[in-house]
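Asks: For reference, the structure I am asking about is given below.
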Amino acid sequence: MVMLADKPHAFWAPVLAFIFSASCLAALQIVDPMSQPMLLAERFFPGAGWVELGLLAAWAAWLCQRMLEPKRQAFWRLLAWSLFALVFFAQLALGLAGCEACLMTGDLHLPVPAVIAAGPVYRGAGWFMPALFLISALIVGPAWCSHLCYLGAADMHLSRLRKNPLPLPSWMRRARWAMLPLVLAVAAGLRLCGIGGWTAAIVGLSFGGLGLLVMGMVSRKMGVMVHCTLWCPMGLLATLLGKISVFRLRIEDGCTHCGACTPSCRYDALNEKDWLRGQAGQSCSLCGDCLSKCPHDQLSLGFFWGRSKLARPIFLALISAMSAIFLGLARI
């Protein structure tokens, strides 16, 4: 348990997580921009959305406090991430079974992360998920991929079946730069050619199905989240947008190049050439799993302008709040 007297941020960071999540959810509860209330409880029992809001904010504060313990951060991150994925797909299943309240708008969209970017390009509409993704990436950078993606948790679990990850071939690192423009070009081509919705859906489902094969065959074999770092274009997009975020994983000058951090990274961002040049790889998702693995305390979560003890508690408060918000909005 984190001692409040020894670490003041153990108090104010969970409070910040509570306030931030409660404020964002309250705004959605009041403004109600959709045809149905955003919070699921409100759809069934008028006024119950406020109760759900309070529970989600309390979850954010509790999760933040648990993740402040460096050696337990990886455990609580994966637990919260897996819970979000389970809730997301459970509501999708209920929606497919006929409970339209479990769908965000009552309309079904493909549960493929690439569709977040490709869908609006094809339809020329449906900007809620891209806007939510954009806001998330601007606030916590590429951490969307390691905390908030509804499919990424499966890739993490499969990659962890191998004890130590293997370094990705250089061609895989380069290939990730082609996936985003390729997916967007296909979506635009389908629209320009007047391809119908069912055909486009088959293309999207095929892409998602191949992604699941990548998880089950390549990620599991290599111990690296190949789906998230190579196949999914949202990973690259989160990385690029993350350059605007203030948070950075820092490798300090005192790094001894011992490599103790490398086995903890499933995003292929802490290989030898990464820590030799003193900078995490492009695919770093700020998951934080590596922070407690450095025996020399030379890894830290800082701001882009330098190391700061405030960076990690602020980041954990924000990401915990966003985990709670996404949990409350875990619907297609």
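In the structure tokens, chains take the letters A, B, ... in the order shown, each chain's residues start at 1, and ligands count up from 1 in the order shown.
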Would you mind listing what lies within 10 Å of A:Pro37 as number ranges by chain, with only C-alpha atoms counted and same-chain residues fewer than 4 positions away left out?
Replies: A: 28-33, 41-44, 46, 49, 101, 104-105
Asks: Pick out the residues sitting within 9 Å of A:Leu39, and hand them over as a VMD selection string; count only C-alpha atoms, and ignore anything fewer than 5 positions along from it in its own chain.
Replies: chain A and resid 25 28 to 29 48 to 50 52 to 53 328 to 329
Asks: Which residues of stretch 284-311 of chain A come within 12 Å of stretch 270-274 of chain A, and what is each one's closest atom pair and distance in Å (one decimal), counting only C-alpha atoms, sorted by chain and residue number, as a Markdown table?
Replies:
| residue | atom | partner | partner_atom | distance |
| --- | --- | --- | --- | --- |
| A:Cys284 | CA | A:Leu270 | CA | 8.1 |
| A:Ser285 | CA | A:Leu270 | CA | 11.2 |
| A:Leu286 | CA | A:Leu270 | CA | 11.6 |
| A:Gly288 | CA | A:Leu270 | CA | 11.8 |
| A:Asp289 | CA | A:Leu270 | CA | 11.3 |
| A:Cys290 | CA | A:Leu270 | CA | 8.9 |
| A:Leu291 | CA | A:Leu270 | CA | 11.5 |
| A:Lys293 | CA | A:Leu270 | CA | 11.9 |
| A:Cys294 | CA | A:Leu270 | CA | 11.7 |
| A:Leu299 | CA | A:Leu270 | CA | 10.8 |
Asks: Write the selection just made, keeping C-alpha atoms, as a compact mmCIF listing (two decimals), in the first residue's frame?
Replies:
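Produced file result-v6.txt, reproduced below:
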# COMPACT_ATOMS: atom_id res chain seq x y z
CA CYS A 284 6.66 2.89 -27.29
CA SER A 285 3.13 3.12 -25.90
CA LEU A 286 3.98 4.55 -22.45
CA GLY A 288 5.11 1.83 -17.96
CA ASP A 289 5.82 -1.89 -17.54
CA CYS A 290 9.55 -1.21 -17.84
CA LEU A 291 9.87 1.48 -15.17
CA LYS A 293 12.66 -3.18 -14.10
CA CYS A 294 15.65 -0.83 -14.32
CA LEU A 299 14.03 4.89 -16.79
Asks: Report, in Å to a single decimal, how far apart atom CA of A:Arg266 and atom CA of A:Ser159 are.
Replies: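 Answer for the atom CA of A:Ser159 to atom CA of A:Arg266 separation: 7.1 Å.
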Asks: Can you list, as a PyMOL selection string, every protein, DNA or RNA residue that comes within 7 Å of stretch 316-321 of chain A when you count only C-alpha atoms, leaving out same-chain residues fewer than 2 positions away?
Replies: chain A and resi 13-14+16-18+20-21+60+63-64+140+312-314+323-325
Asks: Keeping C-alpha atoms, export the residues of the selection given above as an mmCIF file, in the first residue's frame.
Replies:
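Output file again.cif follows:
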data_model
loop_
_atom_site.group_PDB
_atom_site.id
_atom_site.type_symbol
_atom_site.label_atom_id
_atom_site.label_comp_id
_atom_site.auth_asym_id
_atom_site.auth_seq_id
_atom_site.Cartn_x
_atom_site.Cartn_y
_atom_site.Cartn_z
ATOM 1 C CA ALA A 13 -3.272 11.954 -7.989
ATOM 2 C CA PRO A 14 -6.335 9.770 -7.200
ATOM 3 C CA LEU A 16 -7.297 14.351 -9.758
ATOM 4 C CA ALA A 17 -8.393 11.099 -11.435
ATOM 5 C CA PHE A 18 -11.756 11.303 -9.662
ATOM 6 C CA PHE A 20 -11.254 14.610 -14.191
ATOM 7 C CA SER A 21 -13.359 11.519 -14.886
ATOM 8 C CA ALA A 60 -10.640 5.893 -11.587
ATOM 9 C CA LEU A 63 -7.121 2.388 -10.064
ATOM 10 C CA CYS A 64 -4.809 5.399 -9.978
ATOM 11 C CA VAL A 140 -1.871 10.736 -22.988
ATOM 12 C CA ARG A 312 4.164 9.921 -13.569
ATOM 13 C CA PRO A 313 1.422 10.691 -10.996
ATOM 14 C CA ILE A 314 -0.188 13.201 -13.371
ATOM 15 C CA SER A 323 -9.897 4.220 -18.473
ATOM 16 C CA ALA A 324 -12.998 4.909 -16.377
ATOM 17 C CA ILE A 325 -14.494 7.146 -19.070
#
Asks: Report the distance between atom CA of A:Thr262 and atom CA of A:Leu210 in Å, rounded to one decimal place.
Replies: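 So the two atoms, atom CA of A:Thr262 and atom CA of A:Leu210, lie 27.7 Å apart.
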Asks: Report as JSON lines the residues of stretch 45-117 of chain A within 10 Å of stretch 174-183 of chain A, each with its shortest atom pair and distance in Å (one decimal), using only C-alpha atoms, ordered by chain and increasing residue number.
Replies:
{"residue": "A:Ala114", "atom": "CA", "partner": "A:Val183", "partner_atom": "CA", "distance": 7.5}
{"residue": "A:Val115", "atom": "CA", "partner": "A:Val183", "partner_atom": "CA", "distance": 8.9}
{"residue": "A:Ala117", "atom": "CA", "partner": "A:Val183", "partner_atom": "CA", "distance": 8.4}
Asks: Enter the distance from atom CA of A:Gly306 to atom CA of A:Gln282, in Å, rounded to one decimal.
Replies: 18.5 Å
Asks: Could you find all residues in stretch 96-243 of chain A that DSSP calls alpha helix (DSSP H) from the backbone, and write them as number ranges by chain?
Replies: A: 96, 114-123, 128-140, 152-159, 170-192, 197-213, 220-222, 226, 233-242
Asks: If we count only C-alpha atoms and set the cut-off at 9 Å, which residues sit around A:Trp144, ignoring sequence neighbours fewer than 2 positions away in its own chain? Please answer as a list in words.
Replies: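 Near neighbours after the sequence-gap exclusion: Phe133, Ser136, Ala137, Val140, Gly141, Pro142, Ser146, His147, Leu148, Cys149, Gly235, Ala238, Ser285 and Ile319 of chain A.
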Asks: May I have the residues within 12 Å of A:Ile116 as a list in words, using only C-alpha atoms and disregarding those fewer than 6 positions away in the same chain?
Replies: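 That gives His109, Leu110, Tyr122, Arg123, Ala125, Gly126, Trp127, Phe128, Met129, Pro130, Ala131, Leu132, Phe133, Leu134, Cys149, Tyr150, Leu180, Val183, Leu184, Ala187, Gly204, Cys232, Pro233, Met234, Gly235, Leu237, Ala238 and Ile332 of chain A.
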Asks: Please provide the set of residues having any atom within 9 Å of stretch 89-97 of chain A, restricted to only C-alpha atoms, with same-chain residues fewer than 2 positions apart removed, written as a ChimeraX atom specification.
Replies: /A:84-87,99-103,106,108,111,150,330-332
Asks: Could you save those same residues with C-alpha atoms as a PDB file, in the first residue's frame?
Replies:
ATOM      1  CA  PHE A  84     -12.596  -2.694 -20.399  1.00  0.00           C
ATOM      2  CA  ALA A  85     -12.211  -5.142 -23.313  1.00  0.00           C
ATOM      3  CA  LEU A  86     -14.560  -7.645 -21.674  1.00  0.00           C
ATOM      4  CA  VAL A  87     -17.207  -4.992 -21.028  1.00  0.00           C
ATOM      5  CA  CYS A  99     -30.483  -5.025 -27.058  1.00  0.00           C
ATOM      6  CA  GLU A 100     -29.995  -1.786 -29.001  1.00  0.00           C
ATOM      7  CA  ALA A 101     -29.375   0.163 -25.794  1.00  0.00           C
ATOM      8  CA  CYS A 102     -26.001  -1.599 -25.579  1.00  0.00           C
ATOM      9  CA  LEU A 103     -24.937   0.007 -28.860  1.00  0.00           C
ATOM     10  CA  GLY A 106     -28.320   1.776 -32.120  1.00  0.00           C
ATOM     11  CA  LEU A 108     -23.713  -1.472 -35.545  1.00  0.00           C
ATOM     12  CA  PRO A 111     -15.232  -3.793 -33.822  1.00  0.00           C
ATOM     13  CA  TYR A 150     -10.578  -2.645 -26.901  1.00  0.00           C
ATOM     14  CA  ALA A 330     -17.576   0.927 -23.946  1.00  0.00           C
ATOM     15  CA  ARG A 331     -20.013   0.588 -26.802  1.00  0.00           C
ATOM     16  CA  ILE A 332     -19.884   0.596 -30.581  1.00  0.00           C
TER      17      ILE A 332
END
Asks: Near A:Asn164, counting only C-alpha atoms, which residues have an atom at most 9 Å away, once you skip same-chain residues fewer than 5 positions from it, shown as a list in words?
Replies: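 Close residues of A:Asn164: Met222, Gly223, Val224, Thr262, Pro263, Ser264 and Arg266 of chain A.
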Asks: List every residue of stretch 44-269 of chain A that DSSP, applied to the backbone of this structure, places in strand (DSSP E), and write the result as an NGL selection string.
Replies: :A and (247-251)
